[in-house]
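Q: Below is the file my_file36.txt, with compact mmCIF, C-alpha atoms.
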# COMPACT_ATOMS: atom_id res chain seq x y z
CA MET A 1 -89.34 222.15 23.09
CA LYS A 2 -92.57 223.39 24.57
CA LEU A 3 -93.11 224.42 28.19
CA VAL A 4 -96.36 225.42 29.90
CA VAL A 5 -96.08 227.29 33.19
CA ILE A 6 -99.23 227.40 35.28
CA GLY A 7 -99.16 230.17 37.86
CA CYS A 8 -97.26 233.23 36.73
CA GLY A 9 -96.08 234.67 40.04
CA ARG A 10 -92.45 235.48 40.84
CA VAL A 11 -91.40 231.85 40.43
CA GLY A 12 -93.47 231.01 37.39
CA ALA A 13 -92.64 234.22 35.55
CA SER A 14 -88.88 233.93 36.08
CA LEU A 15 -88.93 230.33 34.97
CA ALA A 16 -90.94 231.21 31.88
CA ARG A 17 -88.46 233.95 30.96
CA ASP A 18 -85.45 231.67 31.50
CA PHE A 19 -86.77 228.95 29.24
CA ARG A 20 -87.92 231.43 26.63
CA ALA A 21 -84.38 232.90 26.58
CA ASP A 22 -83.09 229.36 26.01
CA GLY A 23 -85.22 229.19 22.89
CA TRP A 24 -88.13 227.14 24.26
CA GLU A 25 -91.67 227.75 23.15
CA VAL A 26 -93.27 228.92 26.42
CA THR A 27 -96.87 229.65 27.43
CA ALA A 28 -97.71 231.03 30.87
CA VAL A 29 -101.14 230.72 32.49
CA ASP A 30 -102.47 232.89 35.29
CA GLU A 31 -105.86 233.81 36.68
CA LYS A 32 -104.91 237.48 36.74
CA GLU A 33 -104.18 239.45 33.65
CA GLU A 34 -101.76 241.65 35.62
CA ALA A 35 -99.42 238.67 35.87
CA LEU A 36 -98.47 239.27 32.24
CA SER A 37 -96.48 242.31 33.30
CA ARG A 38 -94.14 240.04 35.31
CA LEU A 39 -93.00 238.53 32.02
CA GLY A 40 -91.67 241.88 30.86
CA SER A 41 -92.72 244.22 28.06
CA ASP A 42 -90.66 242.22 25.54
CA TRP A 43 -92.41 238.88 26.28
CA SER A 44 -92.49 236.81 23.13
CA GLY A 45 -94.11 233.68 24.50
CA GLY A 46 -97.78 232.88 24.99
CA PHE A 47 -100.02 233.98 27.83
CA VAL A 48 -103.46 232.63 28.72
CA VAL A 49 -105.70 234.23 31.34
CA GLY A 50 -107.68 231.65 33.29
CA HIS A 51 -107.67 229.01 36.01
CA GLY A 52 -105.51 225.93 35.60
CA MET A 53 -108.39 223.74 36.81
CA ASP A 54 -110.30 224.69 33.67
CA SER A 55 -109.68 222.06 30.96
CA GLU A 56 -110.43 224.57 28.23
CA ILE A 57 -107.69 226.87 29.55
CA LEU A 58 -105.22 223.99 29.76
CA ARG A 59 -105.99 223.03 26.19
CA ARG A 60 -105.69 226.63 25.00
CA ALA A 61 -102.29 226.86 26.69
CA GLY A 62 -101.26 223.73 24.78
CA ALA A 63 -100.81 221.48 27.82
CA ASP A 64 -101.91 218.55 25.65
CA GLU A 65 -98.83 218.87 23.45
CA ALA A 66 -96.29 220.22 25.94
CA ASP A 67 -92.94 218.55 26.57
CA ALA A 68 -92.98 219.85 30.12
CA VAL A 69 -95.47 221.50 32.48
CA VAL A 70 -94.58 223.41 35.64
CA VAL A 71 -97.38 224.02 38.15
CA ALA A 72 -96.61 226.86 40.56
CA THR A 73 -99.80 228.67 41.57
CA ASN A 74 -100.02 229.89 45.15
CA GLY A 75 -102.19 226.96 46.26
CA ASP A 76 -100.63 223.61 47.17
CA ASN A 77 -103.81 221.64 46.59
CA THR A 78 -104.55 223.40 43.34
CA ASN A 79 -101.04 222.54 42.16
CA LEU A 80 -101.42 218.91 43.21
CA VAL A 81 -104.70 218.51 41.35
CA ILE A 82 -103.60 220.34 38.19
CA GLY A 83 -100.33 218.39 38.13
CA GLN A 84 -102.12 215.05 38.31
CA VAL A 85 -104.74 216.07 35.75
CA VAL A 86 -102.14 217.22 33.22
CA LYS A 87 -100.14 214.03 33.67
CA LYS A 88 -103.12 211.70 33.46
CA ARG A 89 -105.28 213.41 30.87
CA TYR A 90 -102.61 214.61 28.45
CA GLY A 91 -99.90 212.07 29.22
CA VAL A 92 -97.26 214.77 29.70
CA GLU A 93 -94.28 212.92 31.15
CA CYS A 94 -92.45 215.87 32.65
CA VAL A 95 -94.77 217.55 35.15
CA VAL A 96 -93.10 219.39 38.01
CA VAL A 97 -95.21 220.75 40.85
CA ARG A 98 -94.36 223.25 43.56
CA ILE A 99 -95.63 222.31 47.03
CA LEU A 100 -94.92 224.52 50.04
CA ASP A 101 -96.09 222.05 52.68
CA PRO A 102 -93.26 219.51 53.26
CA ALA A 103 -95.66 216.80 54.48
CA ARG A 104 -97.84 216.88 51.38
CA ALA A 105 -94.75 217.24 49.18
CA GLU A 106 -93.32 214.03 50.62
CA PHE A 107 -96.64 212.20 50.42
CA TYR A 108 -97.02 212.90 46.71
CA ALA A 109 -93.33 212.42 45.93
CA GLU A 110 -93.64 208.91 47.34
CA ARG A 111 -96.45 208.33 44.90
CA GLY A 112 -94.36 209.18 41.89
CA MET A 113 -95.03 212.87 41.50
CA GLN A 114 -92.16 215.20 40.72
CA VAL A 115 -92.43 217.83 43.44
CA VAL A 116 -90.26 220.73 44.50
CA CYS A 117 -90.68 221.95 48.07
CA PRO A 118 -89.12 225.40 48.61
CA THR A 119 -89.85 225.15 52.34
CA LYS A 120 -87.70 222.04 52.67
CA THR A 121 -84.96 223.68 50.61
CA ALA A 122 -85.08 226.78 52.82
CA ILE A 123 -84.90 224.71 56.01
CA ALA A 124 -81.88 222.83 54.72
CA ALA A 125 -80.13 226.00 53.51
CA LEU A 126 -80.78 227.89 56.74
CA GLY A 127 -79.52 225.02 58.87
CA GLU A 128 -76.45 224.64 56.69
CA ALA A 129 -75.70 228.39 56.92
CA VAL A 130 -75.98 228.35 60.73
CA ARG A 131 -73.77 225.26 61.08
CA LYS A 132 -71.11 226.59 58.72
CA THR A 133 -70.99 230.03 60.29
CA THR A 134 -70.86 228.80 63.90
CA ALA A 135 -68.15 226.30 62.98
CA ALA A 136 -66.10 229.04 61.29
CA LEU A 137 -66.52 231.32 64.31
CA ALA A 138 -65.44 228.54 66.69
CA GLU A 139 -62.20 228.12 64.76
CA HIS A 140 -61.19 231.70 65.43
CA MET B 141 -118.93 204.07 63.10
CA TYR B 142 -116.22 206.72 63.19
CA ALA B 143 -116.42 209.53 60.62
CA ILE B 144 -114.30 212.58 59.89
CA VAL B 145 -116.11 215.49 58.29
CA ALA B 146 -113.85 218.07 56.63
CA GLY B 147 -115.46 221.49 56.27
CA GLY B 148 -117.76 223.11 58.82
CA GLY B 149 -120.05 225.09 56.55
CA LYS B 150 -123.76 224.41 56.29
CA VAL B 151 -123.20 221.05 54.59
CA GLY B 152 -120.46 219.80 56.90
CA ALA B 153 -121.98 221.03 60.15
CA ASN B 154 -125.34 219.47 59.33
CA LEU B 155 -123.77 216.19 58.28
CA ALA B 156 -121.79 216.05 61.52
CA ARG B 157 -124.91 216.91 63.52
CA SER B 158 -126.93 214.17 61.80
CA LEU B 159 -124.22 211.54 62.18
CA LEU B 160 -123.92 212.36 65.89
CA ARG B 161 -127.66 212.12 66.32
CA MET B 162 -127.54 208.70 64.67
CA GLY B 163 -125.13 207.66 67.39
CA HIS B 164 -121.91 207.76 65.37
CA GLU B 165 -118.59 209.14 66.51
CA VAL B 166 -117.59 212.25 64.56
CA THR B 167 -114.77 214.75 64.27
CA LEU B 168 -115.56 217.89 62.32
CA ILE B 169 -112.59 219.86 60.94
CA GLU B 170 -112.95 223.57 60.17
CA GLN B 171 -110.13 225.89 59.20
CA SER B 172 -111.69 229.29 59.73
CA GLN B 173 -111.43 230.63 63.27
CA TYR B 174 -114.69 232.52 62.79
CA ARG B 175 -116.72 229.42 61.94
CA PHE B 176 -114.91 227.32 64.50
CA ASP B 177 -115.84 229.75 67.27
CA ARG B 178 -119.48 229.57 66.28
CA LEU B 179 -119.58 225.79 66.15
CA GLN B 180 -117.47 225.00 69.17
CA GLU B 181 -120.16 225.42 71.77
CA GLU B 182 -122.32 222.86 70.02
CA PHE B 183 -119.65 220.36 69.00
CA GLN B 184 -117.24 220.75 71.95
CA HIS B 185 -114.39 218.24 71.61
CA GLN B 186 -115.87 216.89 68.38
CA ILE B 187 -114.64 219.86 66.36
CA LEU B 188 -111.05 220.63 65.46
CA LEU B 189 -109.59 223.90 64.18
CA GLY B 190 -107.25 223.32 61.25
CA ASP B 191 -106.68 222.70 57.56
CA ALA B 192 -107.91 219.21 56.73
CA THR B 193 -105.45 218.95 53.85
CA GLU B 194 -102.55 218.98 56.33
CA LEU B 195 -101.46 215.54 57.43
CA HIS B 196 -100.89 216.52 61.06
CA VAL B 197 -104.42 217.94 61.29
CA LEU B 198 -105.89 214.74 59.87
CA GLU B 199 -103.79 212.78 62.34
CA LEU B 200 -105.04 214.88 65.25
CA ALA B 201 -108.53 214.03 64.05
CA GLY B 202 -107.68 210.35 64.32
CA ILE B 203 -107.23 209.44 60.67
CA VAL B 204 -104.71 206.70 61.58
CA ARG B 205 -107.42 204.62 63.29
CA PRO B 206 -108.68 204.84 60.42
CA PRO B 207 -112.27 206.09 60.38
CA GLU B 208 -114.81 204.08 58.36
CA LEU B 209 -115.80 207.24 56.54
CA VAL B 210 -114.31 210.57 55.47
CA LEU B 211 -116.58 213.24 54.06
CA ALA B 212 -114.70 216.02 52.22
CA VAL B 213 -117.30 218.76 51.99
CA THR B 214 -115.38 222.04 52.09
CA GLY B 215 -116.21 224.83 49.65
CA ASP B 216 -113.01 224.17 47.72
CA ASP B 217 -112.92 221.35 45.17
CA GLU B 218 -109.13 221.03 45.11
CA ASP B 219 -109.10 220.67 48.89
CA ASN B 220 -111.86 218.06 48.76
CA LEU B 221 -110.02 216.06 46.13
CA ILE B 222 -106.73 216.12 48.05
CA ILE B 223 -108.44 215.20 51.35
CA CYS B 224 -109.94 212.15 49.63
CA GLN B 225 -106.61 211.09 48.17
CA LEU B 226 -104.78 211.53 51.49
CA ALA B 227 -107.46 209.60 53.37
CA ARG B 228 -107.77 206.75 50.92
CA GLU B 229 -104.20 206.31 49.74
CA GLY B 230 -102.35 207.46 52.84
CA TYR B 231 -104.50 206.01 55.59
CA ARG B 232 -106.57 203.30 53.91
CA VAL B 233 -109.91 204.89 54.78
CA PRO B 234 -112.41 202.48 53.18
CA LYS B 235 -115.01 205.04 52.16
CA VAL B 236 -114.47 208.64 51.09
CA VAL B 237 -117.10 210.97 49.69
CA ALA B 238 -116.36 214.34 48.11
CA ARG B 239 -118.52 217.36 47.52
CA VAL B 240 -118.11 218.88 44.07
CA ASN B 241 -118.83 222.61 44.26
CA ASP B 242 -118.23 223.45 40.62
CA PRO B 243 -119.72 220.82 38.28
CA ARG B 244 -116.97 221.59 35.77
CA ASN B 245 -114.54 219.96 38.19
CA GLN B 246 -116.45 216.65 38.15
CA GLU B 247 -114.22 215.36 35.35
CA HIS B 248 -111.14 215.86 37.53
CA PHE B 249 -112.63 213.80 40.35
CA ASP B 250 -113.53 211.07 37.87
CA LEU B 251 -110.10 211.16 36.24
CA LEU B 252 -108.31 210.89 39.57
CA GLY B 253 -110.49 208.04 40.76
CA ILE B 254 -112.63 209.75 43.39
CA GLY B 255 -115.79 207.85 42.49
CA GLN B 256 -118.11 208.90 45.28
CA THR B 257 -119.02 212.51 44.66
CA VAL B 258 -122.03 214.72 45.24
CA CYS B 259 -122.66 217.86 43.22
CA ALA B 260 -125.65 219.97 44.21
CA THR B 261 -125.78 221.82 40.88
CA SER B 262 -125.83 218.62 38.83
CA ASN B 263 -128.42 217.05 41.12
CA ILE B 264 -130.75 220.04 40.83
CA LEU B 265 -130.26 220.13 37.08
CA GLY B 266 -131.17 216.44 36.91
CA LEU B 267 -134.39 217.18 38.75
CA VAL B 268 -135.18 220.06 36.40
CA GLU B 269 -134.65 217.82 33.38
CA HIS B 270 -136.89 215.19 34.95
CA GLU B 271 -139.67 217.77 35.03
CA VAL B 272 -139.23 218.57 31.33
CA PRO B 273 -140.22 215.37 29.52
CA GLU B 274 -139.72 216.71 26.01
CA HIS B 275 -136.00 216.66 26.70
CA GLY B 276 -134.74 213.68 24.73
CA ILE B 277 -133.19 211.50 27.38
CA VAL B 278 -133.12 212.14 31.10
CA ARG B 279 -130.43 210.73 33.33
CA LEU B 280 -132.13 209.89 36.59
CA LEU B 281 -129.39 208.08 38.43
CA GLU B 282 -125.76 207.39 37.84
CA LEU B 283 -124.44 204.17 39.37
CA ARG B 284 -120.76 204.88 39.01
CA LYS B 285 -119.43 201.75 40.62
CA GLU B 286 -121.67 199.54 38.53
CA ASN B 287 -120.95 201.62 35.42
CA LEU B 288 -124.66 201.89 34.70
CA GLU B 289 -127.19 204.63 34.63
CA ILE B 290 -130.92 204.77 34.85
CA VAL B 291 -132.54 206.96 32.22
CA GLU B 292 -136.01 207.97 31.20
CA LEU B 293 -137.27 208.34 27.62
CA GLN B 294 -140.63 209.19 26.17
CA VAL B 295 -142.08 207.30 23.22
CA ASP B 296 -143.66 209.62 20.64
CA ARG B 297 -146.21 209.03 17.91
CA ASP B 298 -143.49 208.74 15.27
CA SER B 299 -141.08 206.77 17.42
CA PRO B 300 -139.76 203.54 15.92
CA ALA B 301 -140.75 201.71 19.12
CA ALA B 302 -144.38 202.91 19.11
CA GLY B 303 -146.75 199.96 18.73
CA LYS B 304 -143.96 197.39 19.15
CA ARG B 305 -143.55 194.69 21.76
CA VAL B 306 -140.47 194.97 23.98
CA ALA B 307 -139.30 191.54 22.73
CA GLY B 308 -139.38 192.89 19.17
CA LEU B 309 -137.00 195.77 19.85
CA THR B 310 -133.32 195.56 18.99
CA LEU B 311 -131.99 197.19 22.12
CA PRO B 312 -128.27 197.96 22.29
CA ASP B 313 -126.14 195.51 24.27
CA GLY B 314 -125.79 196.68 27.83
CA SER B 315 -129.28 198.11 28.10
CA ARG B 316 -132.60 196.86 29.41
CA LEU B 317 -136.03 198.37 29.90
CA ILE B 318 -137.22 198.56 33.50
CA SER B 319 -140.70 199.97 33.47
CA VAL B 320 -143.32 201.81 31.48
CA MET B 321 -145.36 204.68 32.87
CA ARG B 322 -148.67 205.18 31.14
CA GLY B 323 -151.57 207.34 32.26
CA GLY B 324 -149.97 207.95 35.62
CA LYS B 325 -149.48 204.22 36.29
CA SER B 326 -146.20 202.39 36.15
CA GLU B 327 -145.69 198.74 35.22
CA LEU B 328 -142.58 196.63 34.93
CA ALA B 329 -141.55 196.13 31.32
CA HIS B 330 -141.98 192.54 30.12
CA ASP B 331 -141.18 191.00 26.75
CA SER B 332 -144.89 191.15 25.97
CA THR B 333 -145.33 194.83 26.91
CA VAL B 334 -146.40 196.87 23.90
CA LEU B 335 -145.06 200.43 23.84
CA ARG B 336 -147.45 203.23 22.96
CA PRO B 337 -147.01 206.91 22.16
CA GLY B 338 -146.76 208.94 25.34
CA ASP B 339 -145.22 206.09 27.36
CA GLN B 340 -142.46 207.12 29.70
CA VAL B 341 -139.92 204.33 29.75
CA LEU B 342 -137.29 203.76 32.41
CA ALA B 343 -134.22 201.91 31.24
CA VAL B 344 -130.89 200.88 32.65
CA VAL B 345 -128.00 201.47 30.27
CA GLU B 346 -124.23 201.52 30.18
CA PRO B 347 -122.90 205.09 29.92
CA GLY B 348 -122.20 205.97 26.31
CA LYS B 349 -125.00 203.83 24.89
CA GLU B 350 -127.78 206.33 25.61
CA ASP B 351 -127.82 207.59 22.04
CA GLN B 352 -128.24 204.11 20.60
CA LEU B 353 -131.07 203.45 23.02
CA TYR B 354 -132.65 206.78 22.10
CA ARG B 355 -132.55 205.87 18.40
CA VAL B 356 -134.27 202.51 19.01
CA LEU B 357 -136.97 203.88 21.28
CA VAL B 358 -137.62 207.50 20.40
CA LYS B 359 -136.17 208.81 17.18
CA ARG B 360 -134.01 207.29 14.48
Would you write the structure of this file as structure tokens?

A:
Amino acid sequence: MKLVVIGCGRVGASLARDFRADGWEVTAVDEKEEALSRLGSDWSGGFVVGHGMDSEILRRAGADEADAVVVATNGDNTNLVIGQVVKKRYGVECVVVRILDPARAEFYAERGMQVVCPTKTAIAALGEAVRKTTAALAEH
Amino acid sequence: MYAIVAGGGKVGANLARSLLRMGHEVTLIEQSQYRFDRLQEEFQHQILLGDATELHVLELAGIVRPPELVLAVTGDDEDNLIICQLAREGYRVPKVVARVNDPRNQEHFDLLGIGQTVCATSNILGLVEHEVPEHGIVRLLELRKENLEIVELQVDRDSPAAGKRVAGLTLPDGSRLISVMRGGKSELAHDSTVLRPGDQVLAVVEPGKEDQLYRVLVKR
């Protein structure tokens, strides 16, 4: 299986390493060459330096023949555009996009995009932690 | 008319200014505090500080009315594209226009269905090509909605069309000659018009058929 990860920050790099360890063919894309170091000195996957909005970069990363594409740059709107372009132009069926803004995440999820919103997850987890802890303390 | 202008740079601020002068109602959205401060005295309550790709900012600007027009003219193409999608798909804004800063992103706007775009670089390049007639075929105007474009070609001495009547040309389907410019004078092209070397011909053609047209008129 082939995975392309666009945006090789903490999230993208960890994901790339995980899937590579599982035996996937993985290519990471990042604007900055320094991002390569996040993949570790033993990185055996691909790495392309460039912007995910650039069709030539997407093609070089193999987005046109990927089984899955993860878009996790640090810009919500960049992720939304790249995600839609990859899906529409290359027909990749599994495109997962990270969106920090819950409102935009919901808007695009309603329109059939597969989005992950870490902000929403954090809100839920924090609320859950507070409720659980206060309930436990009240029992004492 | 009510219009929302996203992006308060030179383009956005001047558009907002012009629309206001024409008597329209306008809200200008600018996300940088620095620019906002400089524009606020002029635009007063008609400018809003915020990120126009955030739904609550658009809603503060009155997008739910909805406005007749949204102009997405920030310096960031991704932002412009998303603003257009939010406005059109989320709030049924009938007309959205996007600025394309980097002409390489034009294909993304086309792919994602944002038909009304303006790209300064492409426009200037079009004008440059218009001034260089030896360039094979010049695209003068793209009518995206109609899926047509208006092009200009120059008939040469060796061109297959030189000396022929328009009626005698086998033009590709989906193309038609509009006019012929000769010696500084332009005339509408009729069936009886005879093309001569040096003629500058305007034609309307479906995108993708320019090469066929070029081979009939200019060079096989």

Q: So how far away is atom CA of B:Val358 from atom CA of B:Gly338, in Å?

A: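 Taking atom CA of B:Gly338 and atom CA of B:Val358, their separation equals 10.5 Å.
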
Q: Distance table requested - stretch 260-302 of chain B against stretch 240-243 of chain B, cut-off 8 Å, all atoms listed in the file: one row per qualifying residue with the closest atom pair and its distance in Å to one decimal, ordered by chain and rising residue number, as JSON lines.

A:
{"residue": "B:Ala260", "atom": "CA", "partner": "B:Asn241", "partner_atom": "CA", "distance": 7.3}
{"residue": "B:Thr261", "atom": "CA", "partner": "B:Pro243", "partner_atom": "CA", "distance": 6.7}
{"residue": "B:Ser262", "atom": "CA", "partner": "B:Pro243", "partner_atom": "CA", "distance": 6.5}

Q: Those residues you just picked out, can you put them in a file as a tab-separated table (two decimals), in the coordinates of the input with C-alpha atoms?

A:
chain	number	residue	atom	x	y	z
B	260	ALA	CA	-125.65	219.97	44.21
B	261	THR	CA	-125.78	221.82	40.88
B	262	SER	CA	-125.83	218.62	38.83

Q: Residues at most 8 Å from B:Thr214, counting only C-alpha atoms, excluding those fewer than 5 positions away in the same chain, as a short mmCIF file (atom, residue, chain, number, x, y, z; two decimals) with C-alpha atoms, keeping the file's coordinate frame?

A:
data_model
loop_
_atom_site.label_atom_id
_atom_site.label_comp_id
_atom_site.auth_asym_id
_atom_site.auth_seq_id
_atom_site.Cartn_x
_atom_site.Cartn_y
_atom_site.Cartn_z
CA ALA B 146 -113.85 218.07 56.63
CA GLY B 147 -115.46 221.49 56.27
CA GLY B 148 -117.76 223.11 58.82
CA GLY B 149 -120.05 225.09 56.55
CA GLY B 152 -120.46 219.80 56.90
CA ASP B 219 -109.10 220.67 48.89
CA ASN B 220 -111.86 218.06 48.76
CA ARG B 239 -118.52 217.36 47.52
#

Q: Calculate how many Å separate atom CA of A:Asp101 from atom CA of A:Thr119, rounding to one decimal.

A: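 These two atoms are separated by 7.0 Å.
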
Q: Near A:Thr121, within 12 Å and counting all atoms listed in the file, which residues show up once chain neighbours fewer than 2 positions away are dropped, as a PyMOL selection string?

A: chain A and resi 98-102+105+115-119+123-128

Q: Could you pull out every residue with an atom within 12 Å of (-107.9, 201.4, 64.2), file coordinates, counting only C-alpha atoms, and send them as a ChimeraX atom specification?

A: /B:141-142,202-208,231-234

Q: Report, in Å with one decimal, the straight-line distance from atom CA of B:Gly314 to atom CA of B:Val345.

A: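 That distance, rounded to one decimal, is 5.8 Å.
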
Q: Using all atoms listed in the file, which residue out of B:Leu252, B:Leu159, B:Leu168, B:Leu198 lies closest to chain A?

A: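 Residue with the minimum atom-to-atom distance to chain A: B:Leu252.
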
Q: Is there a way to get, as a ChimeraX atom specification, all residues within 8 Å of the point (-97.5, 229.3, 34.1) in file coordinates, counting all atoms listed in the file?

A: /A:4-8,12-13,16,27-30,70-73

Q: If we count only C-alpha atoms, what is near B:Thr167 at a cut-off of 10 Å, once residues fewer than 2 positions away on the same chain are taken out, given as a short mmCIF file (atom, residue, chain, number, x, y, z; two decimals) with C-alpha atoms, in the frame of the given file?

A:
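This went into result_39.cif:
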data_model
loop_
_atom_site.label_atom_id
_atom_site.label_comp_id
_atom_site.auth_asym_id
_atom_site.auth_seq_id
_atom_site.Cartn_x
_atom_site.Cartn_y
_atom_site.Cartn_z
CA TYR B 142 -116.22 206.72 63.19
CA ALA B 143 -116.42 209.53 60.62
CA ILE B 144 -114.30 212.58 59.89
CA VAL B 145 -116.11 215.49 58.29
CA ALA B 146 -113.85 218.07 56.63
CA ALA B 156 -121.79 216.05 61.52
CA LEU B 160 -123.92 212.36 65.89
CA GLU B 165 -118.59 209.14 66.51
CA ILE B 169 -112.59 219.86 60.94
CA GLU B 170 -112.95 223.57 60.17
CA PHE B 183 -119.65 220.36 69.00
CA HIS B 185 -114.39 218.24 71.61
CA GLN B 186 -115.87 216.89 68.38
CA ILE B 187 -114.64 219.86 66.36
CA LEU B 188 -111.05 220.63 65.46
CA LEU B 198 -105.89 214.74 59.87
CA LEU B 200 -105.04 214.88 65.25
CA ALA B 201 -108.53 214.03 64.05
CA GLY B 202 -107.68 210.35 64.32
CA ILE B 203 -107.23 209.44 60.67
CA PRO B 207 -112.27 206.09 60.38
CA VAL B 210 -114.31 210.57 55.47
#

Q: May I have the residues of chain B within 10 Å of chain A, counting only C-alpha atoms, written as a PyMOL selection string?

A: chain B and resi 193-196+216-223+225-226+229-230+244-245+247-249+251-252

Q: Where atoms are missing, can you supply N, CA, C and O atoms for stretch 3-15 of chain A and output the lot as a PDB file, in the coordinates of the input?

A:
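Done, and the output landed in result.pdb:
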ATOM      1  N   LEU A   3     -92.878 224.398  26.745  1.00  0.00           N
ATOM      2  CA  LEU A   3     -93.110 224.420  28.190  1.00  0.00           C
ATOM      3  C   LEU A   3     -94.380 225.213  28.500  1.00  0.00           C
ATOM      4  O   LEU A   3     -94.588 226.294  27.952  1.00  0.00           O
ATOM      5  N   VAL A   4     -95.203 224.669  29.393  1.00  0.00           N
ATOM      6  CA  VAL A   4     -96.360 225.420  29.900  1.00  0.00           C
ATOM      7  C   VAL A   4     -96.140 225.663  31.383  1.00  0.00           C
ATOM      8  O   VAL A   4     -95.832 224.736  32.125  1.00  0.00           O
ATOM      9  N   VAL A   5     -96.246 226.929  31.783  1.00  0.00           N
ATOM     10  CA  VAL A   5     -96.080 227.290  33.190  1.00  0.00           C
ATOM     11  C   VAL A   5     -97.420 227.747  33.722  1.00  0.00           C
ATOM     12  O   VAL A   5     -97.985 228.731  33.229  1.00  0.00           O
ATOM     13  N   ILE A   6     -97.931 227.031  34.713  1.00  0.00           N
ATOM     14  CA  ILE A   6     -99.230 227.400  35.280  1.00  0.00           C
ATOM     15  C   ILE A   6     -98.999 228.096  36.611  1.00  0.00           C
ATOM     16  O   ILE A   6     -98.409 227.525  37.530  1.00  0.00           O
ATOM     17  N   GLY A   7     -99.444 229.340  36.706  1.00  0.00           N
ATOM     18  CA  GLY A   7     -99.160 230.170  37.860  1.00  0.00           C
ATOM     19  C   GLY A   7     -97.986 231.074  37.530  1.00  0.00           C
ATOM     20  O   GLY A   7     -96.841 230.642  37.511  1.00  0.00           O
ATOM     21  N   CYS A   8     -98.307 232.321  37.203  1.00  0.00           N
ATOM     22  CA  CYS A   8     -97.260 233.230  36.730  1.00  0.00           C
ATOM     23  C   CYS A   8     -96.959 234.269  37.810  1.00  0.00           C
ATOM     24  O   CYS A   8     -97.102 235.471  37.614  1.00  0.00           O
ATOM     25  N   GLY A   9     -96.537 233.783  38.964  1.00  0.00           N
ATOM     26  CA  GLY A   9     -96.080 234.670  40.040  1.00  0.00           C
ATOM     27  C   GLY A   9     -94.598 234.918  39.842  1.00  0.00           C
ATOM     28  O   GLY A   9     -94.085 234.789  38.731  1.00  0.00           O
ATOM     29  N   ARG A  10     -93.903 235.237  40.955  1.00  0.00           N
ATOM     30  CA  ARG A  10     -92.450 235.480  40.840  1.00  0.00           C
ATOM     31  C   ARG A  10     -91.745 234.252  40.282  1.00  0.00           C
ATOM     32  O   ARG A  10     -90.926 234.349  39.368  1.00  0.00           O
ATOM     33  N   VAL A  11     -92.078 233.079  40.853  1.00  0.00           N
ATOM     34  CA  VAL A  11     -91.400 231.850  40.430  1.00  0.00           C
ATOM     35  C   VAL A  11     -91.752 231.492  38.988  1.00  0.00           C
ATOM     36  O   VAL A  11     -90.869 231.308  38.143  1.00  0.00           O
ATOM     37  N   GLY A  12     -93.029 231.412  38.717  1.00  0.00           N
ATOM     38  CA  GLY A  12     -93.470 231.010  37.390  1.00  0.00           C
ATOM     39  C   GLY A  12     -92.967 231.937  36.303  1.00  0.00           C
ATOM     40  O   GLY A  12     -92.490 231.489  35.246  1.00  0.00           O
ATOM     41  N   ALA A  13     -93.046 233.240  36.564  1.00  0.00           N
ATOM     42  CA  ALA A  13     -92.640 234.220  35.550  1.00  0.00           C
ATOM     43  C   ALA A  13     -91.140 234.133  35.253  1.00  0.00           C
ATOM     44  O   ALA A  13     -90.731 234.154  34.091  1.00  0.00           O
ATOM     45  N   SER A  14     -90.327 234.013  36.294  1.00  0.00           N
ATOM     46  CA  SER A  14     -88.880 233.930  36.080  1.00  0.00           C
ATOM     47  C   SER A  14     -88.513 232.692  35.287  1.00  0.00           C
ATOM     48  O   SER A  14     -87.685 232.733  34.371  1.00  0.00           O
ATOM     49  N   LEU A  15     -89.175 231.595  35.651  1.00  0.00           N
ATOM     50  CA  LEU A  15     -88.930 230.330  34.970  1.00  0.00           C
ATOM     51  C   LEU A  15     -89.307 230.437  33.495  1.00  0.00           C
ATOM     52  O   LEU A  15     -88.570 229.994  32.600  1.00  0.00           O
TER      53      LEU A  15
END
